[in-house]
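See below for model_27.cif, which holds mmCIF, C-alpha atoms and all ligand atoms.
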data_entry
#
loop_
_atom_site.label_atom_id
_atom_site.label_comp_id
_atom_site.auth_asym_id
_atom_site.auth_seq_id
_atom_site.Cartn_x
_atom_site.Cartn_y
_atom_site.Cartn_z
CA MET A 23 1.67 0.34 -19.19
CA SER A 24 -1.96 1.01 -19.97
CA GLY A 25 -3.31 4.51 -20.48
CA SER A 26 -5.72 4.06 -17.54
CA GLU A 27 -2.99 3.76 -14.92
CA LEU A 28 -2.62 6.53 -12.38
CA ARG A 29 0.78 8.16 -12.79
CA LEU A 30 2.20 8.56 -9.31
CA VAL A 31 5.15 10.42 -7.82
CA LEU A 32 6.25 9.62 -4.28
CA ILE A 33 8.12 12.31 -2.35
CA GLY A 34 10.36 10.44 0.12
CA TRP A 35 11.59 6.86 0.17
CA GLY A 36 11.47 6.09 3.89
CA ALA A 37 9.32 3.81 6.04
CA ILE A 38 5.92 4.98 4.76
CA ALA A 39 6.77 5.56 1.09
CA THR A 40 8.47 2.17 0.64
CA ARG A 41 5.58 0.43 2.42
CA VAL A 42 3.10 2.22 0.14
CA ALA A 43 5.08 1.20 -2.96
CA ASP A 44 5.32 -2.42 -1.77
CA LEU A 45 1.58 -2.62 -1.04
CA LEU A 46 0.65 -1.10 -4.41
CA ALA A 47 2.91 -3.63 -6.15
CA GLU A 48 1.60 -6.58 -4.07
CA ARG A 49 -1.97 -5.58 -4.85
CA ALA A 50 -1.20 -5.05 -8.55
CA ALA A 51 -2.87 -1.63 -8.29
CA PRO A 52 -3.32 0.19 -11.61
CA VAL A 53 -0.63 2.67 -10.66
CA ASP A 54 2.57 3.58 -12.45
CA LEU A 55 5.19 4.84 -10.00
CA ILE A 56 6.93 7.14 -12.43
CA ALA A 57 9.27 8.93 -10.01
CA VAL A 58 10.50 8.97 -6.43
CA ALA A 59 11.92 12.14 -4.90
CA VAL A 60 14.70 11.97 -2.32
CA ARG A 61 16.91 14.60 -0.73
CA ASP A 62 20.09 13.39 -2.40
CA GLY A 63 19.59 11.66 -5.74
CA THR A 64 23.23 10.75 -6.40
CA THR A 65 22.80 7.18 -5.16
CA ARG A 66 19.89 5.11 -6.47
CA PRO A 67 18.25 3.11 -3.64
CA GLU A 68 18.59 -0.63 -4.35
CA ASP A 69 14.91 -1.24 -3.72
CA LEU A 70 13.66 1.41 -6.18
CA PRO A 71 11.56 -0.32 -8.86
CA ALA A 72 13.15 -0.54 -12.30
CA GLY A 73 11.73 2.15 -14.55
CA THR A 74 11.05 4.57 -11.69
CA ARG A 75 13.00 7.79 -12.02
CA LEU A 76 14.94 9.12 -9.05
CA ILE A 77 14.74 12.90 -8.64
CA ASP A 78 15.98 15.31 -5.97
CA ASP A 79 14.98 18.70 -7.31
CA PRO A 80 11.36 19.94 -7.47
CA GLY A 81 12.28 21.56 -10.81
CA ALA A 82 12.53 18.04 -12.30
CA LEU A 83 8.73 17.71 -12.05
CA ALA A 84 8.33 20.17 -14.91
CA ASP A 85 9.51 17.44 -17.34
CA LEU A 86 7.28 14.69 -15.94
CA ALA A 87 3.68 13.81 -16.81
CA PHE A 88 1.91 12.61 -13.65
CA ASP A 89 -1.48 12.78 -11.96
CA LEU A 90 -0.76 12.68 -8.25
CA ALA A 91 2.19 13.23 -5.92
CA VAL A 92 2.07 11.78 -2.42
CA GLU A 93 4.50 13.22 0.10
CA ALA A 94 5.92 11.05 2.90
CA ALA A 95 9.26 12.75 3.47
CA GLY A 96 9.11 15.39 6.19
CA ARG A 97 7.73 18.78 7.11
CA GLU A 98 10.43 20.72 5.23
CA SER A 99 9.61 18.98 1.96
CA VAL A 100 5.93 19.99 1.86
CA GLY A 101 6.47 23.59 0.70
CA PRO A 102 8.95 23.15 -2.15
CA TRP A 103 7.53 19.88 -3.49
CA GLY A 104 3.90 20.91 -2.97
CA ARG A 105 4.38 24.15 -4.91
CA ALA A 106 6.11 22.35 -7.79
CA VAL A 107 3.44 19.61 -7.97
CA LEU A 108 0.45 21.95 -7.86
CA ALA A 109 2.01 24.44 -10.29
CA ARG A 110 2.35 21.49 -12.69
CA GLY A 111 -1.42 20.94 -12.40
CA ALA A 112 -1.16 17.60 -10.56
CA ASP A 113 -2.82 16.75 -7.25
CA PHE A 114 -0.75 16.82 -4.06
CA ALA A 115 -1.40 14.68 -0.97
CA PRO A 116 1.02 15.45 1.90
CA ALA A 117 1.45 13.09 4.88
CA SER A 118 3.64 15.58 6.77
CA THR A 119 0.63 17.69 7.65
CA SER A 120 2.42 19.25 10.62
CA ALA A 121 3.80 21.64 7.97
CA PHE A 122 0.40 23.34 8.06
CA VAL A 123 0.96 24.87 11.47
CA ASP A 124 2.22 27.49 9.03
CA GLU A 125 -1.18 28.55 7.72
CA GLY A 126 0.54 30.78 5.15
CA LEU A 127 1.80 27.59 3.50
CA LEU A 128 -1.67 26.04 3.57
CA ASP A 129 -3.16 29.17 1.98
CA ASP A 130 -0.36 29.33 -0.56
CA LEU A 131 -0.80 25.71 -1.68
CA THR A 132 -4.60 26.07 -1.74
CA ALA A 133 -4.32 29.16 -3.97
CA LEU A 134 -1.92 27.33 -6.30
CA ALA A 135 -4.33 24.39 -6.54
CA ARG A 136 -7.19 26.75 -7.32
CA SER A 137 -5.29 28.48 -10.10
CA SER A 138 -3.93 25.29 -11.69
CA GLY A 139 -7.16 23.29 -11.38
CA ALA A 140 -5.45 20.66 -9.23
CA GLN A 141 -6.36 19.53 -5.71
CA LEU A 142 -4.53 19.74 -2.41
CA VAL A 143 -5.77 16.57 -0.71
CA ILE A 144 -5.32 16.14 3.04
CA PRO A 145 -5.03 12.38 3.62
CA PRO A 146 -6.53 10.97 6.84
CA GLY A 147 -3.10 9.50 7.56
CA ALA A 148 -3.03 7.30 10.65
CA LEU A 149 -6.63 8.25 11.46
CA GLY A 150 -10.07 6.98 10.59
CA GLY A 151 -13.42 8.68 10.84
CA ILE A 152 -12.18 11.98 9.45
CA ASP A 153 -15.03 11.84 6.94
CA ALA A 154 -17.52 11.86 9.84
CA LEU A 155 -15.71 14.67 11.67
CA ALA A 156 -15.50 16.80 8.52
CA ALA A 157 -19.19 16.15 7.82
CA ALA A 158 -20.12 17.04 11.42
CA ALA A 159 -18.20 20.32 11.08
CA ARG A 160 -20.75 21.52 8.49
CA LEU A 161 -22.79 22.39 11.61
CA PRO A 162 -21.28 24.13 14.66
CA LEU A 163 -18.93 21.97 16.76
CA ALA A 164 -18.68 22.54 20.52
CA GLY A 165 -15.43 20.66 21.15
CA VAL A 166 -12.89 18.23 19.69
CA ARG A 167 -10.31 16.37 21.78
CA HIS A 168 -7.66 14.09 20.33
CA GLU A 169 -5.52 11.89 22.57
CA ILE A 170 -2.43 10.27 21.07
CA VAL A 171 -0.97 7.37 23.08
CA LYS A 172 2.28 5.75 22.00
CA PRO A 173 4.91 3.54 23.63
CA PRO A 174 7.76 5.58 25.20
CA GLN A 175 10.20 4.60 22.42
CA ALA A 176 7.99 6.40 19.87
CA TRP A 177 8.59 9.66 21.75
CA THR A 178 12.40 9.42 21.89
CA GLY A 179 14.21 12.23 20.11
CA THR A 180 11.30 14.61 20.75
CA PRO A 181 10.68 17.31 23.41
CA ALA A 182 8.89 14.57 25.42
CA GLU A 183 12.34 13.58 26.69
CA ALA A 184 12.53 16.84 28.64
CA LEU A 185 8.93 16.61 29.88
CA CYS A 186 9.02 13.12 31.40
CA ASP A 187 11.44 10.28 32.12
CA LEU A 188 10.56 8.12 29.12
CA ALA A 189 12.87 5.25 30.06
CA GLY A 190 11.72 5.15 33.71
CA LEU A 191 7.93 5.26 33.23
CA ASN A 192 5.86 2.59 34.97
CA ALA A 193 2.44 4.16 34.20
CA PRO A 194 1.00 6.23 31.34
CA ALA A 195 2.21 9.86 31.43
CA THR A 196 0.31 12.70 29.77
CA PHE A 197 3.28 14.95 29.13
CA PHE A 198 1.49 17.49 26.92
CA GLU A 199 -1.98 18.98 26.67
CA GLY A 200 -2.62 21.97 24.46
CA SER A 201 -3.81 23.07 21.04
CA ALA A 202 -3.34 21.07 17.85
CA ARG A 203 -1.09 23.89 16.62
CA GLU A 204 1.24 23.60 19.64
CA ALA A 205 1.25 19.80 19.44
CA ALA A 206 2.14 19.67 15.75
CA ARG A 207 4.71 22.45 16.06
CA ALA A 208 6.60 20.69 18.86
CA PHE A 209 6.12 17.05 17.73
CA PRO A 210 6.27 17.06 13.92
CA GLN A 211 7.00 13.33 13.64
CA ASN A 212 4.23 12.24 16.02
CA ALA A 213 1.44 14.79 15.79
CA ASN A 214 0.77 15.23 12.05
CA VAL A 215 -2.60 13.74 12.90
CA ALA A 216 -3.39 16.65 15.21
CA VAL A 217 -3.41 18.92 12.15
CA ILE A 218 -5.65 16.49 10.25
CA THR A 219 -8.18 16.44 13.10
CA ALA A 220 -7.97 20.22 13.33
CA LEU A 221 -8.43 20.85 9.60
CA ALA A 222 -11.42 18.51 9.57
CA GLY A 223 -13.01 20.03 12.64
CA LEU A 224 -12.45 23.08 14.83
CA GLY A 225 -9.16 24.39 13.50
CA LEU A 226 -5.63 24.47 14.88
CA ASP A 227 -6.27 26.63 17.93
CA ARG A 228 -9.58 25.22 19.19
CA THR A 229 -8.76 21.51 18.90
CA THR A 230 -7.39 20.05 22.14
CA VAL A 231 -4.59 17.50 21.89
CA ALA A 232 -3.19 15.31 24.66
CA LEU A 233 0.05 13.37 24.16
CA VAL A 234 0.68 10.28 26.29
CA ALA A 235 3.65 7.94 26.68
CA ASP A 236 2.43 4.56 27.92
CA PRO A 237 4.98 1.89 28.87
CA GLY A 238 2.23 -0.74 28.57
CA ALA A 239 1.30 0.26 25.00
CA ARG A 240 2.43 -1.81 22.03
CA ARG A 241 0.47 0.21 19.49
CA ASN A 242 -0.03 3.85 18.49
CA SER A 243 -3.51 4.80 19.69
CA HIS A 244 -5.74 7.67 18.69
CA ARG A 245 -8.91 8.59 20.55
CA ILE A 246 -10.93 11.43 19.08
CA ARG A 247 -14.04 12.74 20.77
CA ALA A 248 -16.19 15.45 19.18
CA GLU A 249 -19.46 17.03 20.13
CA GLY A 250 -21.63 19.59 18.45
CA ASP A 251 -24.97 20.19 16.78
CA PHE A 252 -24.61 16.88 14.90
CA GLY A 253 -24.47 14.86 18.15
CA THR A 254 -21.34 13.22 19.57
CA MET A 255 -18.72 10.91 18.13
CA GLU A 256 -15.85 8.88 19.51
CA ILE A 257 -13.22 7.24 17.36
CA ALA A 258 -10.61 4.88 18.76
CA LEU A 259 -7.80 3.32 16.76
CA GLU A 260 -4.95 1.11 17.90
CA ASN A 261 -2.47 1.16 15.06
CA ARG A 262 0.41 -1.25 14.70
CA PRO A 263 3.66 0.72 14.36
CA LEU A 264 5.67 0.31 11.17
CA ALA A 265 8.57 -2.08 11.74
CA SER A 266 10.97 0.38 10.11
CA ASN A 267 9.80 3.46 12.06
CA PRO A 268 7.95 3.05 15.40
CA LYS A 269 6.89 6.72 15.34
CA SER A 270 4.69 6.00 12.29
CA SER A 271 1.75 3.60 12.01
CA GLU A 272 0.98 0.95 9.42
CA MET A 273 -2.43 2.66 9.03
CA THR A 274 -0.74 5.73 7.52
CA ALA A 275 0.65 3.64 4.67
CA LEU A 276 -2.63 1.76 4.29
CA SER A 277 -4.66 4.93 4.12
CA LEU A 278 -2.32 6.38 1.48
CA VAL A 279 -2.72 3.18 -0.53
CA ARG A 280 -6.50 3.60 -0.29
CA LEU A 281 -6.26 7.22 -1.39
CA ILE A 282 -4.07 6.31 -4.38
CA GLU A 283 -6.19 3.32 -5.41
CA ASN A 284 -9.38 5.37 -5.12
CA ARG A 285 -7.94 7.88 -7.57
CA ALA A 286 -7.14 5.07 -9.98
CA GLY A 287 -10.24 2.93 -9.59
CA ALA A 288 -13.71 2.92 -11.16
CA ARG A 289 -15.33 2.04 -7.80
CA VAL A 290 -14.44 4.09 -4.74
CA VAL A 291 -15.02 3.12 -1.09
N1 LIG A 301 -0.23 12.01 8.44
C1 LIG A 301 0.03 11.02 9.29
O1 LIG A 301 -0.87 10.43 9.87
C2 LIG A 301 1.43 10.62 9.51
C3 LIG A 301 2.46 11.32 8.94
N2 LIG A 301 3.76 10.91 9.13
C4 LIG A 301 4.81 11.72 8.52
O2 LIG A 301 5.14 11.16 7.24
C5 LIG A 301 6.49 11.48 6.93
C6 LIG A 301 7.24 10.22 6.52
O3 LIG A 301 7.28 9.33 7.63
P1 LIG A 301 8.22 8.04 7.61
O4 LIG A 301 8.22 7.42 6.29
O5 LIG A 301 7.82 7.23 8.79
O6 LIG A 301 9.63 8.72 7.90
P2 LIG A 301 11.09 8.20 7.50
O7 LIG A 301 12.04 9.00 8.31
O8 LIG A 301 11.16 6.71 7.56
O9 LIG A 301 11.23 8.59 5.98
C7 LIG A 301 11.33 9.91 5.51
C8 LIG A 301 12.08 9.85 4.22
O10 LIG A 301 11.97 11.09 3.55
C9 LIG A 301 13.26 11.51 3.14
N3 LIG A 301 13.31 12.99 3.12
C10 LIG A 301 13.45 13.81 4.16
N4 LIG A 301 13.41 15.10 3.73
C11 LIG A 301 13.25 15.05 2.40
C12 LIG A 301 13.15 16.03 1.39
N5 LIG A 301 13.23 17.33 1.68
N6 LIG A 301 12.98 15.62 0.11
C13 LIG A 301 12.89 14.31 -0.20
N7 LIG A 301 13.02 13.32 0.72
C14 LIG A 301 13.19 13.70 2.01
C15 LIG A 301 14.22 10.90 4.13
O11 LIG A 301 15.46 10.73 3.52
P3 LIG A 301 16.85 11.20 4.19
O12 LIG A 301 17.56 9.92 4.35
O13 LIG A 301 17.43 12.08 3.19
O14 LIG A 301 16.53 11.91 5.47
C16 LIG A 301 13.54 9.57 4.41
O15 LIG A 301 13.92 8.58 3.47
C17 LIG A 301 7.07 12.15 8.19
O16 LIG A 301 7.02 13.56 8.04
C18 LIG A 301 6.13 11.71 9.27
O17 LIG A 301 6.13 12.61 10.35
C19 LIG A 301 4.03 9.81 9.85
C20 LIG A 301 3.03 9.08 10.43
C21 LIG A 301 1.66 9.47 10.36
O1 LIG A 302 1.34 7.21 12.93
C1 LIG A 302 0.70 7.74 13.86
O2 LIG A 302 0.10 7.11 14.74
C2 LIG A 302 0.58 9.22 13.91
C3 LIG A 302 1.82 9.93 13.70
O3 LIG A 302 2.90 9.42 13.83
C4 LIG A 302 1.73 11.32 13.31
O4 LIG A 302 0.65 11.91 13.36
O5 LIG A 302 2.75 11.88 12.93
#

Rewrite the structure from the file as structure tokens, please.
Amino acid sequence: MSGSELRLVLIGWGAIATRVADLLAERAAPVDLIAVAVRDGTTRPEDLPAGTRLIDDPGALADLAFDLAVEAAGRESVGPWGRAVLARGADFAPASTSAFVDEGLLDDLTALARSSGAQLVIPPGALGGIDALAAAARLPLAGVRHEIVKPPQAWTGTPAEALCDLAGLNAPATFFEGSAREAARAFPQNANVAVITALAGLGLDRTTVALVADPGARRNSHRIRAEGDFGTMEIALENRPLASNPKSSEMTALSLVRLIENRAGARVV
């Protein structure tokens, strides 16, 4: 291991985290995956790389030297793991951004980052164009609307089941329209992106989110439209779902890989 490698901790070892680890390995990225955090560390996953430590208690981070922890576990993990990472002085990049419907948690982690000299980094996740939206928000924004369209199967096991007949749809159904805060609170596995759009732009209560189940869709689509003093912008993405979790998109893993590689590389795009 060379001294120039980024020392990485992954929180979670599910669809996104394993895809991120595989891509980093395939691309021979200058990254040392020093630890993976899971809920129950008694059984070592077979696919965990040799030399990577398995941990299940945020307290274990106190003994580890690392630069960045990327969370891809779930909303409940963001608080305990984020606090432990930032208190250690390492940067923290959470994918489960729906946790920030609790603005107390966002403030808490931001204050910890400030006092330890680390950074709380909000990854763009499944989205693109967040750089442009965040830049535009330096001047007043008049409105931001984010429409999330997924195949019905991506909405199973969520409150969408009570709002429309997912199995019987023969046309797209907009089963929710409301604030980013309401969307992320009710759909934590599908509307993390609503919080990302909101944090980049108009905030949790003034960002409008529409959720759509489309029986004709094969991909997870995001359409973001913003207007303001900067002008107008429209972003449209059609993300291929991850084979191992149709609720999540391949783009989420790819954008985390970009974030990690950019922290390790001499040239950043
Ligand atoms: N920002 C974005 O754009 C996106 C964010 N996401 C979010 O990313 C996260 C990961 O998604 P994905 O990989 O698809 O989900 P998976 O369900 O495939 O994986 C989650 C993994 O995290 C583990 N886990 C759950 N809770 C904890 C915990 N407290 N500590 C450690 N590990 C834990 C689970 O293990 P166990 O077996 O113990 O449950 C599981 O292995 C989710 O919160 C998802 O909503 C997803 C897509 C886009
Ligand atoms: O992967 C996506 O398309 C977005 C997603 O699930 C989320 O925001 O939670």

List as CSV every residue of chain A that is in contact with ligand LIG 301 (chain A), defined as an atom at most 7 Å from one of its atoms (using all atoms listed in the file), together with the nearest atom pair and the distance in Å rounded to one decimal, sorted by chain and then rising number.
residue,atom,partner,partner_atom,distance
A:Ile33,CA,A:LIG301,C13,5.6
A:Gly34,CA,A:LIG301,O10,3.8
A:Trp35,CA,A:LIG301,O15,4.4
A:Gly36,CA,A:LIG301,O9,3.3
A:Ala37,CA,A:LIG301,O8,3.8
A:Ile38,CA,A:LIG301,O4,3.7
A:Ala39,CA,A:LIG301,O4,5.7
A:Ala59,CA,A:LIG301,C13,5.3
A:Val60,CA,A:LIG301,C13,3.6
A:Arg61,CA,A:LIG301,C13,4.1
A:Asp62,CA,A:LIG301,O13,6.3
A:Asp78,CA,A:LIG301,C13,6.6
A:Ala94,CA,A:LIG301,C6,3.9
A:Ala95,CA,A:LIG301,O10,3.2
A:Gly96,CA,A:LIG301,O16,3.3
A:Arg97,CA,A:LIG301,O16,5.3
A:Glu98,CA,A:LIG301,N5,5.7
A:Ser99,CA,A:LIG301,N5,4.0
A:Ala117,CA,A:LIG301,N1,4.1
A:Ser118,CA,A:LIG301,O16,4.1
A:Thr119,CA,A:LIG301,N1,5.8
A:Pro145,CA,A:LIG301,N1,6.8
A:Pro146,CA,A:LIG301,O1,6.4
A:Gly147,CA,A:LIG301,O1,3.3
A:Ala148,CA,A:LIG301,O1,3.9
A:Leu149,CA,A:LIG301,O1,6.4
A:Pro210,CA,A:LIG301,O17,5.7
A:Gln211,CA,A:LIG301,O17,3.5
A:Asn212,CA,A:LIG301,O17,6.0
A:Asn214,CA,A:LIG301,N1,4.9
A:Val215,CA,A:LIG301,O1,4.8
A:Ser266,CA,A:LIG301,O8,6.8
A:Asn267,CA,A:LIG301,O5,5.4
A:Lys269,CA,A:LIG301,O5,6.6
A:Ser270,CA,A:LIG301,C20,4.0
A:Ser271,CA,A:LIG301,C20,5.8
A:Thr274,CA,A:LIG301,O1,5.3

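Within the 7 Å cut-off around Glu169 (chain A), using all atoms listed in the file and omitting residues fewer than 2 positions from it on the same chain, the listed residues are Arg167, Val171, Val231, Ala232, Leu233, His244, Arg245 and Ile246 of chain A.
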
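Going from atom C2 of ligand LIG 302 (chain A) over to CA of Arg262 (chain A), you cover 10.5 Å.
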
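Closest to ligand LIG 302 (chain A) among A:Arg105, A:Arg240, A:Arg110, A:Arg136 is A:Arg240, based on only C-alpha atoms and all ligand atoms.
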
Dig up all the protein and nucleic acid residues within 10 Å of (-3.0, 3.6, -13.6) in the file frame, using only C-alpha atoms, and format them as a list of chain:residue names.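 Protein, DNA and RNA residues close to (-3.0, 3.6, -13.6): A:Met23, A:Ser24, A:Gly25, A:Ser26, A:Glu27, A:Leu28, A:Arg29, A:Leu30, A:Ala51, A:Pro52, A:Val53, A:Asp54, A:Leu55, A:Asp89, A:Ile282, A:Glu283, A:Arg285, A:Ala286, A:Gly287.
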
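Taking CA of Gly81 (chain A) and CA of Val100 (chain A) as endpoints, the distance between them is 14.3 Å.
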
Neighbour list for Arg247 (chain A) as a JSON list (two decimals) with C-alpha atoms, keeping the file's coordinate frame, cut-off 9 Å, only C-alpha atoms, skip fewer than 6 positions in-chain:
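Final output, part_23.json:
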[["chain", "number", "residue", "atom", "x", "y", "z"],
["A", 165, "GLY", "CA", -15.43, 20.66, 21.15],
["A", 166, "VAL", "CA", -12.89, 18.23, 19.69],
["A", 167, "ARG", "CA", -10.31, 16.37, 21.78],
["A", 168, "HIS", "CA", -7.66, 14.09, 20.33],
["A", 169, "GLU", "CA", -5.52, 11.89, 22.57],
["A", 254, "THR", "CA", -21.34, 13.22, 19.57],
["A", 255, "MET", "CA", -18.72, 10.91, 18.13],
["A", 256, "GLU", "CA", -15.85, 8.88, 19.51],
["A", 257, "ILE", "CA", -13.22, 7.24, 17.36],
["A", 258, "ALA", "CA", -10.61, 4.88, 18.76]]

Please indicate the distance in Å from CA of Ala189 (chain A) to atom O4 of ligand LIG 302 (chain A), rounded to one decimal place. 21.7 Å

Neighbouring residues of Arg241 (chain A) were defined as those with any atom within 8 Å, considering all atoms listed in the file; residues of the same chain fewer than 4 positions away were excluded. Please report them as a PDB file with C-alpha atoms, keeping the file's coordinate frame.
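Ended up saving to around_31.pdb:
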ATOM      1  CA  LYS A 172       2.280   5.750  22.000  1.00  0.00           C
ATOM      2  CA  PRO A 173       4.910   3.540  23.630  1.00  0.00           C
ATOM      3  CA  GLU A 260      -4.950   1.110  17.900  1.00  0.00           C
ATOM      4  CA  ASN A 261      -2.470   1.160  15.060  1.00  0.00           C
ATOM      5  CA  ARG A 262       0.410  -1.250  14.700  1.00  0.00           C
ATOM      6  CA  PRO A 263       3.660   0.720  14.360  1.00  0.00           C
TER       7      PRO A 263
END

Edge lengths and centre, in Å to one decimal, as JSON: that's what I need for the box along x, y and z that holds all listed atoms of ligand LIG 302 (chain A) plus 6 Å on each side.
{"center_x": 1.5, "center_y": 9.5, "center_z": 13.8, "size_x": 14.8, "size_y": 16.8, "size_z": 13.8}

Proximity to Leu185 (chain A) - best of A:Val234, A:Ala115, A:Leu224, A:Leu128, all atoms listed in the file: A:Val234

Using all atoms listed in the file, which residue out of A:Leu161, A:Ala106, A:Ser120, A:Ala216 lies closest to Leu83 (chain A)? A:Ala106
